[in-house]
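The next block holds one structure in the form of structure tokens; read it before the comments.
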Amino acid sequence: MFAINYILYFQAGLGVLANMFLLFFYTFIILVHRSNLIDLFSCQLTFIHTVLVLTGGDIWLTDVFESLNIENDFKCKTTFYMNRVMRGLSICTTCLLSVFQAVTISPSTSLLAKFKYKLKKYMIYAFFYMWFLNLSFSSNQIFYVGAFTNVSETNQMKVTKHCSLFPMNYIIRVLILTATTSRDVFLVGVMLTSSAYMVIILFRHQRQCKYLHSLSHLKTSPEKRATVTILLLVVVFVVMYWVDFIISSTAVMLWTYHPVILTVQKFVVNAYPTITPLVQISSDNRIINMLINLCSNCHQDFLKV
């Protein structure tokens, strides 16, 4: 069990460091250089994933609250609410990114082409609606989580070291699960639809490039690189989401959490926010060139010494 905890801490540490690096990079790009809309949403996704990792389970933020002597009930409600909000924002932002890229690469003859010029306005509206929806959607769950006391007496379901879910009416439990599932299934469906559309567009583009003997242009295309990155993120998210969904829904309906299953779920939940920045860093030429130049300058400074 100690070995698993070390793995969780390593995963969380890697996720926080990678996301913080990306957050500083995108903030610099937005404030200093000319940025595009995808940079704004990538910056938001990075911020969301940083908070998601920090509030996950018994890691990081929980330890900070404990060092400040903040009472467990407030600590549990705060971390649980922030984690639920960020989880919802993560799926919404990933969905928006996939839709944005699908519209961006759509040919001028397609039905989506007419949305290209109004895309920025629509995405800004979606941004505010997304935050409002998730902040309000997760607020009802604050009443059903708190400091862990005694499972045998109160029938609480322990979800972290100090926190547990309080017993709730079966109908309320089903309604919350149905509402959450409906939202997530809809967003995952939109993601998969836009991803399938992007795959079709890329396939057609590749066939045209082969016909025109200019496949090298396709390989270096920024649009293709961004599309492949988003497709990879969608695949990772969908796989991790369904594993988490199966574990969570089963636990809520049966009202029981085995410690090993809970640990596996923590690993799965943090997998996407940890993998995402690594994929973004490896696929963004601006970051790669910056790191190469930084290493080159450090090497030259070392030789001068």
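For the structure tokens, the naming scheme is as follows: chains receive sequential letters (A, B, ...) according to their order of presentation, residues are indexed from 1 within each chain, and ligands are indexed from 1 in presentation order.
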
- Contacts of range 188-200 of chain A at 10 Å or less, counting only C-alpha atoms, minus same-chain residues fewer than 6 places along, as a list in words? Ile91, Cys92, Thr94, Cys95, Leu96, Leu97, Ser98, Val99, Phe100, Gln101, Ala102, Val103, Thr104, Ile105, Ser106, Ser182, Gln206, Lys224, Thr227, Val228, Ile230, Leu231, Leu232, Val234, Val235, Phe237, Val238, Tyr241 and Trp242 of chain A

Using N, CA, C and O atoms, can you write the selected residues to a file as an mmCIF file, in the first residue's frame?
data_model
loop_
_atom_site.group_PDB
_atom_site.id
_atom_site.type_symbol
_atom_site.label_atom_id
_atom_site.label_comp_id
_atom_site.auth_asym_id
_atom_site.auth_seq_id
_atom_site.Cartn_x
_atom_site.Cartn_y
_atom_site.Cartn_z
ATOM 1 N N ILE A 91 -13.939 18.226 -18.552
ATOM 2 C CA ILE A 91 -14.648 17.574 -19.650
ATOM 3 C C ILE A 91 -15.266 18.603 -20.593
ATOM 4 O O ILE A 91 -15.254 18.427 -21.815
ATOM 5 N N CYS A 92 -15.754 19.734 -20.043
ATOM 6 C CA CYS A 92 -16.340 20.792 -20.879
ATOM 7 C C CYS A 92 -15.277 21.443 -21.769
ATOM 8 O O CYS A 92 -15.512 21.683 -22.963
ATOM 9 N N THR A 94 -12.295 20.215 -22.706
ATOM 10 C CA THR A 94 -11.816 19.255 -23.700
ATOM 11 C C THR A 94 -12.811 19.135 -24.843
ATOM 12 O O THR A 94 -12.431 19.061 -26.017
ATOM 13 N N CYS A 95 -14.098 19.139 -24.511
ATOM 14 C CA CYS A 95 -15.155 19.096 -25.530
ATOM 15 C C CYS A 95 -15.102 20.344 -26.409
ATOM 16 O O CYS A 95 -15.189 20.251 -27.643
ATOM 17 N N LEU A 96 -14.957 21.531 -25.783
ATOM 18 C CA LEU A 96 -14.880 22.780 -26.546
ATOM 19 C C LEU A 96 -13.670 22.807 -27.475
ATOM 20 O O LEU A 96 -13.749 23.284 -28.610
ATOM 21 N N LEU A 97 -12.545 22.306 -26.983
ATOM 22 C CA LEU A 97 -11.339 22.267 -27.814
ATOM 23 C C LEU A 97 -11.543 21.388 -29.050
ATOM 24 O O LEU A 97 -11.107 21.742 -30.150
ATOM 25 N N SER A 98 -12.188 20.253 -28.860
ATOM 26 C CA SER A 98 -12.423 19.350 -29.990
ATOM 27 C C SER A 98 -13.381 19.980 -31.003
ATOM 28 O O SER A 98 -13.177 19.869 -32.219
ATOM 29 N N VAL A 99 -14.431 20.648 -30.510
ATOM 30 C CA VAL A 99 -15.379 21.315 -31.404
ATOM 31 C C VAL A 99 -14.700 22.478 -32.133
ATOM 32 O O VAL A 99 -14.879 22.665 -33.342
ATOM 33 N N PHE A 100 -13.907 23.262 -31.390
ATOM 34 C CA PHE A 100 -13.189 24.400 -31.974
ATOM 35 C C PHE A 100 -12.275 23.941 -33.103
ATOM 36 O O PHE A 100 -12.253 24.539 -34.190
ATOM 37 N N GLN A 101 -11.528 22.878 -32.870
ATOM 38 C CA GLN A 101 -10.597 22.404 -33.889
ATOM 39 C C GLN A 101 -11.335 21.806 -35.078
ATOM 40 O O GLN A 101 -10.901 21.954 -36.224
ATOM 41 N N ALA A 102 -12.466 21.146 -34.821
ATOM 42 C CA ALA A 102 -13.260 20.580 -35.916
ATOM 43 C C ALA A 102 -13.780 21.685 -36.827
ATOM 44 O O ALA A 102 -13.758 21.551 -38.061
ATOM 45 N N VAL A 103 -14.244 22.793 -36.235
ATOM 46 C CA VAL A 103 -14.728 23.929 -37.032
ATOM 47 C C VAL A 103 -13.572 24.594 -37.758
ATOM 48 O O VAL A 103 -13.686 25.005 -38.922
ATOM 49 N N THR A 104 -12.421 24.709 -37.082
ATOM 50 C CA THR A 104 -11.258 25.390 -37.662
ATOM 51 C C THR A 104 -10.756 24.711 -38.925
ATOM 52 O O THR A 104 -10.415 25.373 -39.915
ATOM 53 N N ILE A 105 -10.682 23.376 -38.919
ATOM 54 C CA ILE A 105 -10.116 22.653 -40.066
ATOM 55 C C ILE A 105 -11.173 22.258 -41.088
ATOM 56 O O ILE A 105 -10.845 21.648 -42.104
ATOM 57 N N SER A 106 -12.439 22.603 -40.831
ATOM 58 C CA SER A 106 -13.508 22.229 -41.772
ATOM 59 C C SER A 106 -13.323 22.978 -43.093
ATOM 60 O O SER A 106 -12.966 24.158 -43.109
ATOM 61 N N SER A 182 -25.875 12.131 -17.516
ATOM 62 C CA SER A 182 -26.459 12.711 -18.727
ATOM 63 C C SER A 182 -25.570 13.810 -19.291
ATOM 64 O O SER A 182 -25.327 13.885 -20.509
ATOM 65 N N GLN A 206 -5.125 13.943 -46.458
ATOM 66 C CA GLN A 206 -3.961 13.108 -46.729
ATOM 67 C C GLN A 206 -4.046 12.504 -48.132
ATOM 68 O O GLN A 206 -3.045 12.433 -48.850
ATOM 69 N N LYS A 224 -2.717 20.257 -38.670
ATOM 70 C CA LYS A 224 -2.743 18.815 -38.483
ATOM 71 C C LYS A 224 -2.156 18.436 -37.132
ATOM 72 O O LYS A 224 -2.675 17.567 -36.417
ATOM 73 N N THR A 227 -4.610 19.203 -34.455
ATOM 74 C CA THR A 227 -5.735 18.270 -34.538
ATOM 75 C C THR A 227 -5.370 16.915 -33.950
ATOM 76 O O THR A 227 -6.141 16.324 -33.187
ATOM 77 N N VAL A 228 -4.183 16.407 -34.306
ATOM 78 C CA VAL A 228 -3.733 15.119 -33.780
ATOM 79 C C VAL A 228 -3.580 15.176 -32.258
ATOM 80 O O VAL A 228 -3.939 14.230 -31.544
ATOM 81 N N ILE A 230 -5.251 17.139 -30.144
ATOM 82 C CA ILE A 230 -6.581 17.154 -29.533
ATOM 83 C C ILE A 230 -7.235 15.776 -29.635
ATOM 84 O O ILE A 230 -7.896 15.316 -28.694
ATOM 85 N N LEU A 231 -7.056 15.098 -30.759
ATOM 86 C CA LEU A 231 -7.595 13.748 -30.905
ATOM 87 C C LEU A 231 -7.005 12.804 -29.862
ATOM 88 O O LEU A 231 -7.721 11.992 -29.259
ATOM 89 N N LEU A 232 -5.704 12.924 -29.621
ATOM 90 C CA LEU A 232 -5.049 12.093 -28.618
ATOM 91 C C LEU A 232 -5.578 12.392 -27.223
ATOM 92 O O LEU A 232 -5.839 11.474 -26.424
ATOM 93 N N VAL A 234 -8.530 13.581 -26.485
ATOM 94 C CA VAL A 234 -9.904 13.078 -26.406
ATOM 95 C C VAL A 234 -9.914 11.575 -26.134
ATOM 96 O O VAL A 234 -10.680 11.089 -25.297
ATOM 97 N N VAL A 235 -9.056 10.827 -26.830
ATOM 98 C CA VAL A 235 -8.992 9.377 -26.628
ATOM 99 C C VAL A 235 -8.594 9.046 -25.188
ATOM 100 O O VAL A 235 -9.223 8.203 -24.531
ATOM 101 N N PHE A 237 -8.878 10.973 -22.561
ATOM 102 C CA PHE A 237 -9.942 11.398 -21.641
ATOM 103 C C PHE A 237 -11.087 10.405 -21.614
ATOM 104 O O PHE A 237 -11.577 10.039 -20.541
ATOM 105 N N VAL A 238 -11.535 9.970 -22.788
ATOM 106 C CA VAL A 238 -12.686 9.065 -22.858
ATOM 107 C C VAL A 238 -12.387 7.747 -22.144
ATOM 108 O O VAL A 238 -13.221 7.237 -21.385
ATOM 109 N N TYR A 241 -12.160 8.460 -18.415
ATOM 110 C CA TYR A 241 -13.459 8.851 -17.887
ATOM 111 C C TYR A 241 -14.340 7.644 -17.625
ATOM 112 O O TYR A 241 -14.977 7.537 -16.567
ATOM 113 N N TRP A 242 -14.395 6.715 -18.585
ATOM 114 C CA TRP A 242 -15.287 5.568 -18.425
ATOM 115 C C TRP A 242 -14.827 4.625 -17.329
ATOM 116 O O TRP A 242 -15.651 4.025 -16.632
#

- Query: Which residues, written as a PyMOL selection string, have at least one atom at most 8 Å from range 1-18 of chain A, with only C-alpha atoms counted and residues fewer than 6 positions away on the same chain left out?
  - Reply: chain A and resi 50+53-54+59+263+266-267+270-271+273-275+277-278

Those selected residues, please, written with C-alpha atoms and delivered as a JSON list (two decimals), in the first residue's frame.
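Full text of result-v2.json as output:
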[["chain", "number", "residue", "atom", "x", "y", "z"],
["A", 50, "THR", "CA", -3.46, 21.95, -11.76],
["A", 53, "VAL", "CA", -4.50, 17.34, -9.12],
["A", 54, "LEU", "CA", -4.05, 19.53, -6.03],
["A", 59, "ILE", "CA", -2.62, 14.88, -1.73],
["A", 263, "THR", "CA", -6.68, 4.01, -4.71],
["A", 266, "LYS", "CA", -7.37, 8.20, -7.56],
["A", 267, "PHE", "CA", -4.72, 7.04, -10.03],
["A", 270, "ASN", "CA", -5.19, 12.03, -11.99],
["A", 271, "ALA", "CA", -4.03, 10.22, -15.14],
["A", 273, "PRO", "CA", -4.56, 15.88, -16.00],
["A", 274, "THR", "CA", -1.04, 14.40, -15.77],
["A", 275, "ILE", "CA", -0.82, 13.08, -19.34],
["A", 277, "PRO", "CA", 0.42, 18.67, -20.28],
["A", 278, "LEU", "CA", 3.04, 16.13, -21.37]]
